[in-house]
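Input: a single structure, listed below in structure tokens.
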Amino acid sequence: MPATPTTDPLQRERDHLSASRAALRAMREDVQSLNLRDVTGTWVSAVVLQNQIEARIAALADLADTPLFFGRLDYLHAISEELSEGGGGENFYIGRRHVHDADGDPMVIDWRAPVSQPFYRATRTDPMDVERRRRFGYTGGELTAYEDEHLTDPAETDTASALLAAEIEKPRVGPMRDIVATIQPEQDEIVRSDVTGTICVQGAPGTGKTAVGLHRVAYLLYAHRERLARTGTLVIGPNTAFLSYIEQVLPALGELDVAQATVQQLVGHVEVKGEDTAEAARLKGDARMAEVLRRAVRSGIALPTEPCVVVRGSRRWRVPVHELIEIIEELKGREIRYGAAGEALPQRIAHAVLLKMEQGGEAPDDRVQDAVARNTAVKAVVKQCWPPVDPAKLVLRLLSDPEFLAACAEGVLTAEEQRAVLWPKPGRSVKTARWTAADAVLVDEVGDLVQRTPSLGHVVLDEAQDLSPMQYRAVGRRCTTGSATVLGDLAQGTTPWATASWPDALHHLGKPGAHVEELTKGFRVPEEVIAYASRLLPAIAPGLAPATSVREAPGSLTIRQVADGELTEAVITACHRALANEGSTGLIAADARIPLLAEALTAAGLPYLAPGTETSVEARLTLVPASLAKGLEYDYVVLDEPAAVITGEPDERTGLRRLYVALTRAVSGLTVLHAEPLPEQLG
């Protein structure tokens, strides 16, 4: 006998979840059962197809603790053509990926599909033809609750969504989660921006700018998959700890092929062994260095003093000096890549020889021109006049040779600035030199001057406020023919070269026409905490509007002064209290105090993790140097000695910015412990 349909709405939704999971399993089994032995083609096409199938199988995995759908839209009118004549509406379940039944009918709609957009943007004033929006609540992977908004019912008043708030406030254990169920209208506009345009997001702490950037990648891959599969996508983060924290977001959305890297990994042409002074790093990151490097690359170009004589059989063909000079000057004036010009030069000389052959009654073809271009005499002229450039060797010479630097930097850098960028001890070779992180960016710049850097289809650049102009140029080279999503917060700029404004940054990135969006409404950091941290804004970023939060959490901020000598013990006690709550705890301290606190935690029997290491039920405490706290979130944060965070930086403004970052990492509660006085900017 057929089963009797249940009248319990919650049970009906649970049944749909079970059926959807079964349909997803069937979709995966269908792909797994494909037999490639009967597929014709080369072994290359077979390997490509096998890789595509394996990627499809991985994308169809059902994550047990991740809800397959999180919402439902009940439309007033039918959207499907086959149902439009009936006059009724349609229901769509909105989830992380598309799921269909055996007949191909959708059971879950991908959140990126156009039909899903009203889930994020529909309002009572603009319901977008949606009669009811339903949100689902989950515990683990089990559907436990639902909540309805009747957008066209004038009798129903606006109320805050309890399920939405619960999802936002859910304890954080493990890596960063996606926010696909909680995307807000202003965030959705950024996520669905066109692929051809670059967008810059100035986002206060807790506004979800990082998650918005990652979801934008997922959306673009959905809407423009063929294009971006061909050109590639890349997420750039400030450090490996940050990348470890965010690396599970895209796979949870079904996207497995997005590369991730730090800027330093992008420019890893040399092994970084040394460290610059703050002033040297600032100068090496200055955009003026691009002109110094351009001059250095072209410094080896020389004009010929003798003609080029090519012997072919019994005849000699002579290209006079003035013609050679014209060819070289023309190539110099075109401003094409140095390497491309070097490759063109022998062909240009060979072409001049061919013209003389034709005038002499011969009929040479392209094969003759190629042979002339390889002639010893031609190659000798090219080597003398347009010598090859090794990027690392050139920068090595520039930073080791005061006279060479002076010649290349004349009128660009002052004598004092030149002394600042020179290595204290000249490097002997590329392998033994003590390269710094800023030096590696210079090598990358030279590499692009010699040979064009391949461009990707889309690049997401997070924590962008900390990049130098030369680093922006390095990133910009990776998306010259593509677009970018730039994410950051000027108030969190903690490098001596941190950008002063987004227009400046976008200019160096090569995207001066990019649109800038500002997110000031926070969803993660409690209002009490963000209001306290915002007291620093007039000193660290006077042009920014203070952030606000939709989350009221009375008692989320505790500030306590302790006596000298009792701070470490008080910090350990605060960690014990924080760990009594569900979720993750971050102990943030000045870098110099990390060894002391690590020893104290071990003595107290408190296991702790390093930033970027995934938390677990057994280990929920992370010991975080202030320099690595940016971009990370914890349910509860214990902040050790703010004064030490400030003095650990080269100047007060950078120190206050570092403190601002540390103060805004908490999602549920922040405890600030100090023995020294707090900065006067906090009131």
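In the structure tokens, the first chain shown is A, the next is B, and so on; residue numbers restart at 1 for each chain, and ligands run from 1 in the order shown.
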- 12 Å contact set for A:Ala600, only C-alpha atoms, chain neighbours under 2 positions out, as a list in words: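 After dropping sequence-adjacent residues, the list is Leu567, Thr568, Glu569, Ala570, Val571, Ile572, Thr573, Cys575, Arg593, Ile594, Pro595, Leu596, Leu597, Ala598, Thr602, Ala603, Ala604, Gly605, Leu606, Pro607, Tyr608 and Leu623 of chain A.
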As an mmCIF file with C-alpha atoms, in the first residue's frame, please: all residues of stretch 350-459 of chain A that backbone DSSP puts in helix (DSSP H, G or I).
```cif
data_model
loop_
_atom_site.group_PDB
_atom_site.id
_atom_site.type_symbol
_atom_site.label_atom_id
_atom_site.label_comp_id
_atom_site.auth_asym_id
_atom_site.auth_seq_id
_atom_site.Cartn_x
_atom_site.Cartn_y
_atom_site.Cartn_z
ATOM 1 C CA ALA A 350 67.015 39.312 -41.440
ATOM 2 C CA HIS A 351 64.160 41.134 -43.162
ATOM 3 C CA ALA A 352 66.546 43.970 -44.034
ATOM 4 C CA VAL A 353 68.901 41.384 -45.548
ATOM 5 C CA LEU A 354 66.059 39.838 -47.562
ATOM 6 C CA LEU A 355 65.175 43.204 -49.059
ATOM 7 C CA LYS A 356 68.755 43.515 -50.255
ATOM 8 C CA MET A 357 68.589 39.985 -51.686
ATOM 9 C CA GLU A 358 65.477 40.876 -53.637
ATOM 10 C CA GLN A 359 67.140 44.027 -54.924
ATOM 11 C CA ASP A 366 60.345 32.799 -45.187
ATOM 12 C CA ARG A 367 62.703 29.859 -44.711
ATOM 13 C CA VAL A 368 65.581 31.985 -45.928
ATOM 14 C CA GLN A 369 64.617 34.770 -43.505
ATOM 15 C CA ASP A 370 64.575 32.315 -40.583
ATOM 16 C CA ALA A 371 67.983 30.994 -41.628
ATOM 17 C CA VAL A 372 69.404 34.521 -41.826
ATOM 18 C CA ALA A 373 67.970 35.323 -38.381
ATOM 19 C CA THR A 376 76.218 33.960 -36.560
ATOM 20 C CA ALA A 377 76.704 37.587 -37.623
ATOM 21 C CA VAL A 378 73.085 38.479 -36.835
ATOM 22 C CA LYS A 379 73.203 36.685 -33.473
ATOM 23 C CA ALA A 380 76.393 38.611 -32.607
ATOM 24 C CA VAL A 381 74.677 41.949 -33.274
ATOM 25 C CA VAL A 382 71.655 40.929 -31.147
ATOM 26 C CA LYS A 383 73.859 39.806 -28.257
ATOM 27 C CA GLN A 384 75.819 43.062 -28.335
ATOM 28 C CA CYS A 385 72.915 45.451 -28.824
ATOM 29 C CA PRO A 391 65.461 39.064 -13.761
ATOM 30 C CA ALA A 392 67.060 37.795 -10.534
ATOM 31 C CA LYS A 393 70.598 38.621 -11.679
ATOM 32 C CA LEU A 394 69.542 42.125 -12.711
ATOM 33 C CA VAL A 395 67.919 42.905 -9.332
ATOM 34 C CA LEU A 396 70.939 41.377 -7.583
ATOM 35 C CA ARG A 397 73.183 43.825 -9.426
ATOM 36 C CA LEU A 398 70.839 46.757 -8.826
ATOM 37 C CA LEU A 399 70.740 46.235 -5.050
ATOM 38 C CA SER A 400 74.449 45.451 -4.764
ATOM 39 C CA PRO A 402 75.673 51.683 -5.903
ATOM 40 C CA GLU A 403 76.844 53.091 -9.242
ATOM 41 C CA PHE A 404 74.398 50.996 -11.275
ATOM 42 C CA LEU A 405 71.549 51.921 -8.929
ATOM 43 C CA ALA A 406 72.478 55.603 -9.117
ATOM 44 C CA ALA A 407 72.412 55.502 -12.915
ATOM 45 C CA CYS A 408 69.005 53.794 -12.998
ATOM 46 C CA ALA A 409 67.453 55.843 -10.166
ATOM 47 C CA ALA A 415 70.721 59.671 -2.774
ATOM 48 C CA GLU A 416 69.451 58.937 0.737
ATOM 49 C CA GLU A 417 66.680 56.684 -0.605
ATOM 50 C CA GLN A 418 69.177 54.856 -2.796
ATOM 51 C CA ARG A 419 71.361 54.119 0.224
ATOM 52 C CA ALA A 420 68.282 52.802 2.052
ATOM 53 C CA VAL A 421 67.393 50.245 -0.632
ATOM 54 C CA ALA A 437 60.076 39.644 0.544
ATOM 55 C CA ALA A 438 60.166 43.089 -1.087
ATOM 56 C CA ASP A 439 63.108 42.027 -3.280
ATOM 57 C CA ALA A 440 61.093 39.086 -4.619
ATOM 58 C CA VAL A 441 58.400 41.506 -5.818
ATOM 59 C CA LEU A 442 61.073 43.485 -7.685
ATOM 60 C CA VAL A 443 62.259 40.293 -9.404
ATOM 61 C CA ASP A 444 58.658 39.604 -10.433
ATOM 62 C CA GLU A 445 58.374 43.119 -11.888
ATOM 63 C CA VAL A 446 61.515 42.585 -13.972
ATOM 64 C CA GLY A 447 60.221 39.202 -15.078
ATOM 65 C CA ASP A 448 57.122 40.907 -16.459
ATOM 66 C CA LEU A 449 59.188 43.596 -18.171
ATOM 67 C CA VAL A 450 61.063 40.814 -19.953
#
```
- Could you check how far atom CA of A:Arg374 sits from atom CA of A:Arg295, in Å to one decimal? 28.3 Å
- Task: Enumerate the residues of stretch 206-410 of chain A with a DSSP assignment of strand (DSSP E), computed from the backbone, and present them as an MDAnalysis selection string.
- Result: chainID A and resid 233:237 259:262 308:312 315:319
Suppose we keep all heavy atoms; can you now write the selection as a short mmCIF file (atom, residue, chain, number, x, y, z; two decimals), in the first residue's frame?
```cif
data_model
loop_
_atom_site.label_atom_id
_atom_site.label_comp_id
_atom_site.auth_asym_id
_atom_site.auth_seq_id
_atom_site.Cartn_x
_atom_site.Cartn_y
_atom_site.Cartn_z
N THR A 233 40.93 30.98 -12.11
CA THR A 233 40.60 31.88 -11.01
C THR A 233 41.61 31.68 -9.88
O THR A 233 42.21 30.62 -9.75
CB THR A 233 39.18 31.60 -10.46
OG1 THR A 233 39.07 30.20 -10.15
CG2 THR A 233 38.11 31.98 -11.47
N LEU A 234 41.77 32.71 -9.06
CA LEU A 234 42.77 32.67 -7.99
C LEU A 234 42.30 33.50 -6.81
O LEU A 234 41.81 34.62 -6.99
CB LEU A 234 44.11 33.22 -8.51
CG LEU A 234 45.25 33.38 -7.49
CD1 LEU A 234 45.70 32.02 -6.97
CD2 LEU A 234 46.42 34.12 -8.10
N VAL A 235 42.45 32.94 -5.61
CA VAL A 235 42.18 33.67 -4.37
C VAL A 235 43.52 33.97 -3.71
O VAL A 235 44.31 33.05 -3.46
CB VAL A 235 41.28 32.86 -3.42
CG1 VAL A 235 41.13 33.59 -2.08
CG2 VAL A 235 39.91 32.62 -4.05
N ILE A 236 43.77 35.24 -3.42
CA ILE A 236 45.03 35.66 -2.80
C ILE A 236 44.75 36.15 -1.39
O ILE A 236 43.93 37.05 -1.18
CB ILE A 236 45.71 36.78 -3.63
CG1 ILE A 236 45.95 36.30 -5.06
CG2 ILE A 236 47.02 37.21 -2.98
CD1 ILE A 236 46.48 37.39 -5.98
N GLY A 237 45.43 35.54 -0.41
CA GLY A 237 45.26 35.92 0.99
C GLY A 237 46.56 36.42 1.58
O GLY A 237 47.63 36.31 0.97
N ALA A 259 42.40 28.05 -7.32
CA ALA A 259 43.73 28.09 -6.70
C ALA A 259 43.77 29.15 -5.61
O ALA A 259 43.05 30.16 -5.67
CB ALA A 259 44.78 28.39 -7.77
N GLN A 260 44.62 28.94 -4.61
CA GLN A 260 44.82 29.89 -3.52
C GLN A 260 46.31 30.13 -3.35
O GLN A 260 47.12 29.21 -3.50
CB GLN A 260 44.22 29.37 -2.22
CG GLN A 260 42.71 29.19 -2.25
CD GLN A 260 42.16 28.75 -0.91
OE1 GLN A 260 42.88 28.58 0.05
NE2 GLN A 260 40.85 28.56 -0.85
N ALA A 261 46.68 31.35 -3.02
CA ALA A 261 48.09 31.67 -2.83
C ALA A 261 48.21 32.96 -2.04
O ALA A 261 47.27 33.75 -1.96
CB ALA A 261 48.79 31.83 -4.19
N THR A 262 49.38 33.15 -1.44
CA THR A 262 49.73 34.45 -0.87
C THR A 262 50.47 35.25 -1.94
O THR A 262 50.95 34.68 -2.94
CB THR A 262 50.64 34.29 0.36
OG1 THR A 262 51.89 33.70 -0.07
CG2 THR A 262 49.99 33.39 1.41
N CYS A 308 76.40 44.93 -40.07
CA CYS A 308 76.21 43.48 -39.97
C CYS A 308 76.39 42.89 -41.37
O CYS A 308 75.66 43.26 -42.31
CB CYS A 308 74.81 43.16 -39.44
SG CYS A 308 74.43 41.40 -39.35
N VAL A 309 77.34 41.99 -41.49
CA VAL A 309 77.63 41.39 -42.80
C VAL A 309 77.26 39.90 -42.74
O VAL A 309 77.82 39.14 -41.95
CB VAL A 309 79.12 41.55 -43.17
CG1 VAL A 309 79.39 40.90 -44.53
CG2 VAL A 309 79.51 43.02 -43.18
N VAL A 310 76.30 39.51 -43.59
CA VAL A 310 75.81 38.13 -43.62
C VAL A 310 76.34 37.47 -44.89
O VAL A 310 76.13 37.96 -46.01
CB VAL A 310 74.28 38.09 -43.61
CG1 VAL A 310 73.78 36.64 -43.76
CG2 VAL A 310 73.74 38.71 -42.33
N VAL A 311 77.01 36.34 -44.71
CA VAL A 311 77.55 35.58 -45.84
C VAL A 311 76.58 34.45 -46.18
O VAL A 311 76.25 33.63 -45.33
CB VAL A 311 78.95 35.02 -45.52
CG1 VAL A 311 79.47 34.20 -46.70
CG2 VAL A 311 79.89 36.14 -45.16
N ARG A 312 76.11 34.46 -47.46
CA ARG A 312 75.22 33.40 -47.94
C ARG A 312 75.82 32.83 -49.22
O ARG A 312 75.82 33.48 -50.28
CB ARG A 312 73.83 33.96 -48.23
CG ARG A 312 73.07 34.40 -47.00
CD ARG A 312 72.36 33.25 -46.34
NE ARG A 312 71.38 32.62 -47.21
CZ ARG A 312 70.70 31.52 -46.88
NH1 ARG A 312 70.92 30.94 -45.71
NH2 ARG A 312 69.83 31.00 -47.73
N ARG A 315 77.95 35.03 -51.73
CA ARG A 315 77.59 36.45 -51.68
C ARG A 315 77.60 36.96 -50.24
O ARG A 315 77.36 36.21 -49.29
CB ARG A 315 76.23 36.70 -52.34
CG ARG A 315 76.14 36.14 -53.76
CD ARG A 315 74.93 36.64 -54.50
NE ARG A 315 74.99 38.07 -54.76
CZ ARG A 315 74.10 38.76 -55.51
NH1 ARG A 315 73.09 38.08 -56.05
NH2 ARG A 315 74.22 40.05 -55.69
N ARG A 316 77.85 38.22 -50.12
CA ARG A 316 77.87 38.90 -48.81
C ARG A 316 76.82 40.00 -48.83
O ARG A 316 76.81 40.83 -49.75
CB ARG A 316 79.27 39.48 -48.55
CG ARG A 316 80.35 38.43 -48.43
CD ARG A 316 81.74 39.04 -48.63
NE ARG A 316 82.06 40.05 -47.63
CZ ARG A 316 82.63 39.78 -46.45
NH1 ARG A 316 82.93 38.51 -46.15
NH2 ARG A 316 82.92 40.74 -45.61
N TRP A 317 76.02 40.02 -47.80
CA TRP A 317 74.96 41.04 -47.69
C TRP A 317 75.25 41.91 -46.47
O TRP A 317 75.44 41.41 -45.38
CB TRP A 317 73.59 40.37 -47.58
CG TRP A 317 73.33 39.40 -48.69
CD1 TRP A 317 73.46 38.06 -48.63
CD2 TRP A 317 72.94 39.72 -50.02
NE1 TRP A 317 73.17 37.49 -49.84
CE2 TRP A 317 72.83 38.50 -50.72
CE3 TRP A 317 72.66 40.91 -50.70
CZ2 TRP A 317 72.46 38.43 -52.06
CZ3 TRP A 317 72.29 40.85 -52.03
CH2 TRP A 317 72.20 39.63 -52.71
N ARG A 318 75.23 43.20 -46.70
CA ARG A 318 75.67 44.15 -45.68
C ARG A 318 74.52 45.06 -45.25
O ARG A 318 73.88 45.72 -46.08
CB ARG A 318 76.82 45.00 -46.25
CG ARG A 318 77.43 46.00 -45.30
CD ARG A 318 78.62 46.67 -45.99
NE ARG A 318 79.24 47.67 -45.15
CZ ARG A 318 78.84 48.95 -45.07
NH1 ARG A 318 77.81 49.35 -45.80
NH2 ARG A 318 79.47 49.78 -44.28
N VAL A 319 74.24 45.04 -43.91
CA VAL A 319 73.26 45.98 -43.35
C VAL A 319 74.05 47.08 -42.66
O VAL A 319 74.74 46.82 -41.66
CB VAL A 319 72.31 45.29 -42.34
CG1 VAL A 319 71.28 46.28 -41.82
CG2 VAL A 319 71.63 44.09 -42.97
#
```
- Contact residues around stretch 490-498 of chain A with only C-alpha atoms at 6 Å, ignoring same-chain residues under 4 positions, as an NGL selection string: :A and (282 or 465-468 or 540-541 or 654 or 657-658)
Please, could you write that set of residues out with all heavy atoms as a short mmCIF file (atom, residue, chain, number, x, y, z; two decimals), in the first residue's frame?
```cif
data_model
loop_
_atom_site.label_atom_id
_atom_site.label_comp_id
_atom_site.auth_asym_id
_atom_site.auth_seq_id
_atom_site.Cartn_x
_atom_site.Cartn_y
_atom_site.Cartn_z
N ARG A 282 59.47 49.86 2.65
CA ARG A 282 58.54 50.87 2.12
C ARG A 282 59.03 51.41 0.79
O ARG A 282 58.26 51.56 -0.16
CB ARG A 282 58.40 52.01 3.13
CG ARG A 282 57.36 53.06 2.73
CD ARG A 282 57.37 54.24 3.68
NE ARG A 282 58.63 54.99 3.59
CZ ARG A 282 58.91 55.86 2.62
NH1 ARG A 282 58.05 56.08 1.64
NH2 ARG A 282 60.06 56.50 2.63
N GLN A 465 44.41 46.02 1.85
CA GLN A 465 44.91 47.29 2.36
C GLN A 465 46.38 47.22 2.76
O GLN A 465 47.05 48.25 2.86
CB GLN A 465 44.07 47.75 3.57
CG GLN A 465 44.28 46.97 4.86
CD GLN A 465 43.56 45.63 4.90
OE1 GLN A 465 42.65 45.41 4.10
NE2 GLN A 465 43.94 44.76 5.81
N ASP A 466 46.91 46.02 2.96
CA ASP A 466 48.29 45.87 3.44
C ASP A 466 49.32 45.78 2.33
O ASP A 466 50.51 45.64 2.60
CB ASP A 466 48.40 44.63 4.34
CG ASP A 466 48.02 44.93 5.78
OD1 ASP A 466 48.08 46.10 6.16
OD2 ASP A 466 47.66 44.00 6.50
N LEU A 467 48.88 45.84 1.08
CA LEU A 467 49.82 45.67 -0.02
C LEU A 467 50.51 46.99 -0.38
O LEU A 467 49.92 48.06 -0.26
CB LEU A 467 49.10 45.13 -1.26
CG LEU A 467 49.07 43.61 -1.42
CD1 LEU A 467 48.34 42.96 -0.25
CD2 LEU A 467 48.42 43.22 -2.73
N SER A 468 51.74 46.87 -0.82
CA SER A 468 52.48 48.02 -1.33
C SER A 468 52.09 48.25 -2.79
O SER A 468 51.54 47.36 -3.44
CB SER A 468 53.98 47.77 -1.24
OG SER A 468 54.37 46.78 -2.18
N ILE A 540 43.09 56.19 13.42
CA ILE A 540 43.72 55.27 12.46
C ILE A 540 43.16 55.37 11.05
O ILE A 540 43.84 55.03 10.08
CB ILE A 540 43.59 53.81 12.95
CG1 ILE A 540 42.12 53.38 13.07
CG2 ILE A 540 44.30 53.63 14.28
CD1 ILE A 540 41.93 51.93 13.46
N ALA A 541 41.91 55.85 10.91
CA ALA A 541 41.30 55.98 9.58
C ALA A 541 40.19 57.02 9.66
O ALA A 541 39.00 56.69 9.63
CB ALA A 541 40.75 54.64 9.10
N THR A 654 50.34 52.39 13.31
CA THR A 654 50.31 50.97 12.94
C THR A 654 49.95 50.12 14.15
O THR A 654 49.19 49.14 14.04
CB THR A 654 51.66 50.53 12.37
OG1 THR A 654 52.00 51.37 11.27
CG2 THR A 654 51.63 49.09 11.90
N ARG A 657 46.27 50.34 14.79
CA ARG A 657 45.55 49.55 13.77
C ARG A 657 45.63 48.06 14.10
O ARG A 657 44.66 47.32 13.94
CB ARG A 657 46.13 49.83 12.38
CG ARG A 657 45.73 51.18 11.81
CD ARG A 657 46.28 51.38 10.42
NE ARG A 657 45.66 52.51 9.76
CZ ARG A 657 45.89 52.88 8.50
NH1 ARG A 657 46.76 52.17 7.77
NH2 ARG A 657 45.29 53.92 7.98
N ARG A 658 46.80 47.62 14.55
CA ARG A 658 46.94 46.22 14.95
C ARG A 658 46.00 45.91 16.12
O ARG A 658 45.38 44.84 16.17
CB ARG A 658 48.39 45.94 15.34
CG ARG A 658 48.69 44.48 15.60
CD ARG A 658 48.76 43.66 14.34
NE ARG A 658 49.97 43.92 13.58
CZ ARG A 658 50.20 43.45 12.36
NH1 ARG A 658 49.29 42.70 11.77
NH2 ARG A 658 51.33 43.73 11.72
#
```
- For A:Ala539, please output as a PyMOL selection string all residues within 9 Å (counting only C-alpha atoms; exclusion window: fewer than 4 positions along the same chain). chain A and resi 535+653+656-657+681
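Counting only C-alpha atoms, the residue from A:Leu76, A:Ile336, A:Ala145, A:Val624 that sits nearest to A:Arg12 is A:Ala145.
Among the candidates A:Glu156, A:Arg121, A:Ala58, A:Ile559, the residue lying nearest to A:Gln184 is A:Arg121 (atoms considered: only C-alpha atoms).
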- A:Glu29 surroundings by only C-alpha atoms, 12 Å radius, close-in-sequence under 3 positions cut, as a list of chain:residue names: A:Ala22, A:Ala23, A:Leu24, A:Arg25, A:Ala26, A:Gln32, A:Ser33, A:Leu34, A:Ile53, A:Glu54, A:Arg56, A:Ile57, A:Ala58, A:Leu60, A:Ala61
Restrict the selected residues to all heavy atoms and save them as a short mmCIF file (atom, residue, chain, number, x, y, z; two decimals), in the first residue's frame.
```
data_model
loop_
_atom_site.label_atom_id
_atom_site.label_comp_id
_atom_site.auth_asym_id
_atom_site.auth_seq_id
_atom_site.Cartn_x
_atom_site.Cartn_y
_atom_site.Cartn_z
N ALA A 22 18.67 11.27 -1.43
CA ALA A 22 18.65 10.04 -2.24
C ALA A 22 18.87 10.37 -3.72
O ALA A 22 19.58 9.65 -4.43
CB ALA A 22 17.32 9.31 -2.04
N ALA A 23 18.27 11.47 -4.18
CA ALA A 23 18.44 11.87 -5.58
C ALA A 23 19.89 12.27 -5.86
O ALA A 23 20.44 11.96 -6.93
CB ALA A 23 17.50 13.03 -5.91
N LEU A 24 20.52 12.93 -4.89
CA LEU A 24 21.93 13.32 -5.06
C LEU A 24 22.82 12.07 -5.13
O LEU A 24 23.75 12.01 -5.94
CB LEU A 24 22.36 14.24 -3.91
CG LEU A 24 23.81 14.73 -3.95
CD1 LEU A 24 24.08 15.51 -5.23
CD2 LEU A 24 24.11 15.60 -2.72
N ARG A 25 22.51 11.08 -4.29
CA ARG A 25 23.28 9.83 -4.35
C ARG A 25 23.12 9.17 -5.71
O ARG A 25 24.09 8.65 -6.28
CB ARG A 25 22.83 8.87 -3.24
CG ARG A 25 23.32 9.25 -1.85
CD ARG A 25 23.14 8.09 -0.88
NE ARG A 25 21.75 7.68 -0.75
CZ ARG A 25 20.88 8.21 0.10
NH1 ARG A 25 21.28 9.20 0.92
NH2 ARG A 25 19.64 7.78 0.18
N ALA A 26 21.90 9.19 -6.23
CA ALA A 26 21.65 8.59 -7.54
C ALA A 26 22.42 9.33 -8.64
O ALA A 26 22.96 8.71 -9.56
CB ALA A 26 20.16 8.59 -7.85
N GLN A 32 29.46 7.70 -11.55
CA GLN A 32 30.44 6.66 -11.22
C GLN A 32 30.30 5.44 -12.14
O GLN A 32 31.28 4.72 -12.38
CB GLN A 32 30.27 6.22 -9.77
CG GLN A 32 30.72 7.27 -8.76
CD GLN A 32 30.38 6.88 -7.33
OE1 GLN A 32 29.33 6.29 -7.07
NE2 GLN A 32 31.25 7.25 -6.39
N SER A 33 29.10 5.22 -12.66
CA SER A 33 28.87 4.03 -13.49
C SER A 33 29.25 4.24 -14.95
O SER A 33 29.17 3.30 -15.75
CB SER A 33 27.38 3.64 -13.42
OG SER A 33 26.58 4.64 -14.02
N LEU A 34 29.67 5.45 -15.32
CA LEU A 34 30.04 5.71 -16.71
C LEU A 34 31.23 4.85 -17.12
O LEU A 34 32.21 4.72 -16.37
CB LEU A 34 30.38 7.19 -16.89
CG LEU A 34 29.21 8.18 -16.79
CD1 LEU A 34 29.74 9.61 -16.87
CD2 LEU A 34 28.20 7.93 -17.90
N ILE A 53 35.27 13.59 -15.08
CA ILE A 53 34.33 12.72 -14.38
C ILE A 53 34.68 12.65 -12.89
O ILE A 53 33.80 12.72 -12.02
CB ILE A 53 34.33 11.32 -15.02
CG1 ILE A 53 33.63 11.37 -16.38
CG2 ILE A 53 33.66 10.30 -14.11
CD1 ILE A 53 33.68 10.08 -17.15
N GLU A 54 35.97 12.51 -12.59
CA GLU A 54 36.39 12.46 -11.18
C GLU A 54 36.05 13.76 -10.46
O GLU A 54 35.63 13.75 -9.29
CB GLU A 54 37.88 12.17 -11.10
CG GLU A 54 38.25 10.75 -11.51
CD GLU A 54 39.74 10.51 -11.55
OE1 GLU A 54 40.50 11.46 -11.25
OE2 GLU A 54 40.16 9.38 -11.87
N ARG A 56 33.57 15.73 -11.26
CA ARG A 56 32.12 15.73 -11.12
C ARG A 56 31.68 14.86 -9.93
O ARG A 56 30.80 15.25 -9.17
CB ARG A 56 31.50 15.21 -12.42
CG ARG A 56 29.99 15.04 -12.41
CD ARG A 56 29.27 16.36 -12.35
NE ARG A 56 27.83 16.18 -12.52
CZ ARG A 56 26.92 17.09 -12.20
NH1 ARG A 56 27.31 18.26 -11.70
NH2 ARG A 56 25.65 16.86 -12.37
N ILE A 57 32.31 13.72 -9.78
CA ILE A 57 31.99 12.83 -8.66
C ILE A 57 32.28 13.54 -7.34
O ILE A 57 31.48 13.49 -6.39
CB ILE A 57 32.78 11.52 -8.77
CG1 ILE A 57 32.28 10.69 -9.97
CG2 ILE A 57 32.66 10.70 -7.49
CD1 ILE A 57 33.14 9.49 -10.30
N ALA A 58 33.44 14.20 -7.27
CA ALA A 58 33.79 14.93 -6.04
C ALA A 58 32.81 16.05 -5.76
O ALA A 58 32.42 16.29 -4.61
CB ALA A 58 35.21 15.48 -6.16
N LEU A 60 29.73 16.13 -6.45
CA LEU A 60 28.42 15.59 -6.07
C LEU A 60 28.41 14.94 -4.69
O LEU A 60 27.43 14.33 -4.31
CB LEU A 60 27.96 14.57 -7.12
CG LEU A 60 27.53 15.14 -8.48
CD1 LEU A 60 27.34 14.03 -9.49
CD2 LEU A 60 26.26 15.97 -8.33
N ALA A 61 29.50 15.09 -3.97
CA ALA A 61 29.55 14.50 -2.62
C ALA A 61 28.52 15.17 -1.72
O ALA A 61 28.31 16.39 -1.77
CB ALA A 61 30.96 14.67 -2.05
#
```
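Near A:Ala580, within 12 Å and counting only C-alpha atoms, sit Thr573, Ala574, Cys575, His576, Ser584, Thr585, Arg620, Leu621, Asp635 and Tyr636 of chain A, not including residues fewer than 4 positions from it in the same chain.
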- Task: Within 9 Å of A:Ile109, counting only C-alpha atoms, which residues show up once you throw out same-chain ones fewer than 6 positions away? Write them as JSON, numbers by chain, please.
- Result: {"A": [69, 92, 93, 94, 95, 96, 97, 98, 99, 100, 115, 116]}
